[in-house]
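Following: one structure in structure tokens, then a few remarks.
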Amino acid sequence: MPVQYTGIVDEHHAVRQSAGLFDVSHMGEFELRGPYAAHVVDYLITNDASKLRDGQALYTAACNDSGTIDDDLIVYRHSQERWLIVCNASNHAKMSAIVARAADNHCEFDDITEATALIALQGPRAFEILAGAVDAFAPVSALAPFSFCDARIGNVACTIARTGYTGEDGVEIFCASPDAESVWNTLMSAGAPLGLKPAGLGARDTLRLEARLSLYGNDIDETTNPIEAGLGWVVKLNKSSFVGKEALEAIKAAPLSRKMVGFEVTGRGVARHGYVLRDPATGAAIGTCTSGSPSPTLGKSIGLGYVSTAHSAIGSPLWVDCRGKNVEAVVVKTPFYKRS
């Protein structure tokens with residue numbers, strides 16, 4: 001996926017106002033099959049896969065024994081004996097090994113990443129565009145969030161899921177890799193008159209930041225746990241057993257030393273990944289910015305970062321150390337943007 005096609009801001013506004021098309025085929029996909037596949041999936045993740053019905057998906061974390069995050073995933077249940085796990089591209093090799101090891105002698109495991117393409121159609125006109133591209137639109141139009149169905153786009157067999165990473169409505173479309181160009185061209189032909197534009201990595205990052213969606217490698221990684229990252233809602237400690245459960249129980253029982261917060265830069269400057277966050281009263285370092293950018297939708301600079309718990313309340317003032325210059329900021333409620 002290129003950084004940009006017509007420009008990050010132009011593509012960002014297209015997704016917010018009409019729709020954007022992203023080639024996210026770099027993501028990793030693993031298929032688990034067999035009578036014990038559901039148990040293996042549930043053991044690997046912090047969320048509760050047992051609540052899913054056929055055609056449903058969920059967002060989750062996969063933790064290690066220390067309770068920190070190996071990756072964040074979306075898990076799809078085709079049936080009780082067939083599951084799909086989608087991981088981040090940067091974690092493909094690591095997660096492939098983790099999932100294969102868990103599946104060993106319990107269920108069939110296939111890394112189908114190279115054989116699978118993934119195209120994301122995101123924006124308020126996404127379903128209007130799909131109506132002109134899908135052979136039989138009724139099942140697609142009836143999809144609830146985090147559900148999926150099989151359909152054909154331009155006579156290509158696809159799986160269409162109502163999921164995404166932009167804060168807008170839309171879908172992610174799985175197809176065989178050789179068919180990706182055909183699916184892309186069909187969607188662009190149907191969507192161009194409605195304002196659809198191809199979108200790249202830059203807009204994907206500004207869109208997900210406005211929606212306060214975590215980026216692995218920036219906001220979460222193997223040094224962070226889901227509780228401090230604001231992802232406690234995907235940790236179901238009432239499950240009987242899963243990787244990292246004991247560590248996460250201990251983390252949740254103890255006071256947190258830091259929390260992920262969203263902040264708005266009120267001074268003149270832009271927060272960037274790695275910038276130190278400071279207490280304006282003392283100048284002492286109290287945390288680190290993990291993601292930051294000007295917000296094309298809001299017209300202001302925003303960021304995410306970990307700060308000491310004492311400075312995490314909404315309204316708390318911060319300084320962002322922008323290369324030696326302390327710039328005023330304030331902790332705000334997130335998501336920064338939420339579609340109406």
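Chain labels A, B, ... are given in the sequence in which chains occur in the structure tokens; within each chain residues are numbered consecutively from 1, and ligands are likewise numbered from 1 in the order shown.
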
Counting only C-alpha atoms, what is within 10 Å of segment 259-264 of chain A, bar same-chain residues fewer than 5 positions away, as number ranges by chain?
A: 209-210, 212, 219-220, 224, 226-231, 270-271, 287-292, 294-295, 300-318, 320, 328-336

When DSSP works through the backbone of this structure, what residues of segment 79-149 of chain A end up as strand (DSSP E), shown as a PyMOL selection string?
chain A and resi 79+82-87+108-111+116-122+148-149

Which of these, A:Leu213, A:Ala157, A:Ala103, A:Ile85, has the shortest distance to Tyr337 of chain A once you count only C-alpha atoms?
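For Tyr337 of chain A, the nearest of the candidates is A:Leu213.
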
Looking at only C-alpha atoms, which of A:Pro2, A:Gly20, A:Pro280, A:Gly217 is the one that sits closest to Gly170 of chain A?
A:Gly20

Do you have the atom CA of Tyr216 of chain A-atom CA of Gly164 of chain A distance handy?
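It comes out at 15.3 Å.
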
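Proximity of A:Ser241, A:Asn218, A:Thr163, A:Gln80 to Arg272 of chain A, computed with only C-alpha atoms, is greatest for A:Asn218.
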
Write out as a PyMOL selection string which residues come within 6 Å of segment 110-113 of chain A when counting only C-alpha atoms, dropping same-chain ones fewer than 3 positions away.
chain A and resi 28-31+116

Identify all residues of segment 110-332 of chain A in alpha helix (DSSP H) (DSSP on the backbone) and supply them as a ChimeraX atom specification.
/A:126-131,138-141,180-191,201-210,245-253

re atom CA of Thr159 of chain A and atom CA of Ile119 of chain A: distance 10.5 Å

Give me, as an MDAnalysis selection string, all polymer residues having an atom no more than 10 Å from Phe242 of chain A, counting only C-alpha atoms and skipping those fewer than 4 positions away in the same chain.
chainID A and resid 39:48 62:65 236:237 246

Which neighbours of Phe137 of chain A fall inside 12 Å, counting only C-alpha atoms, when residues of the same chain fewer than 2 positions from it are skipped, and could you give them as JSON, numbers by chain?
{"A": [127, 128, 129, 130, 131, 132, 133, 134, 135, 139, 140, 141, 142, 143, 149, 150, 151, 152, 153, 160]}

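If only C-alpha atoms are the atoms counted, then among A:Arg339, A:Arg258, A:Lys245, A:Lys51 the closest residue to Gly67 of chain A is A:Lys245.
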
Which residue, A:Ser189, A:Thr223, A:Gln122, A:Gln56, has the smallest gap to Ile69 of chain A when you use only C-alpha atoms?
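Result for the nearest residue to Ile69 of chain A: A:Thr223.
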
Close residues, Val183 of chain A itself excluded, 12 Å, only C-alpha atoms, min 2 positions apart in chain, as JSON, numbers by chain
{"A": [21, 22, 23, 117, 118, 119, 120, 121, 130, 133, 134, 151, 152, 153, 154, 155, 156, 157, 158, 159, 160, 172, 173, 174, 175, 176, 177, 178, 179, 180, 181, 185, 186, 187, 188, 189, 190]}
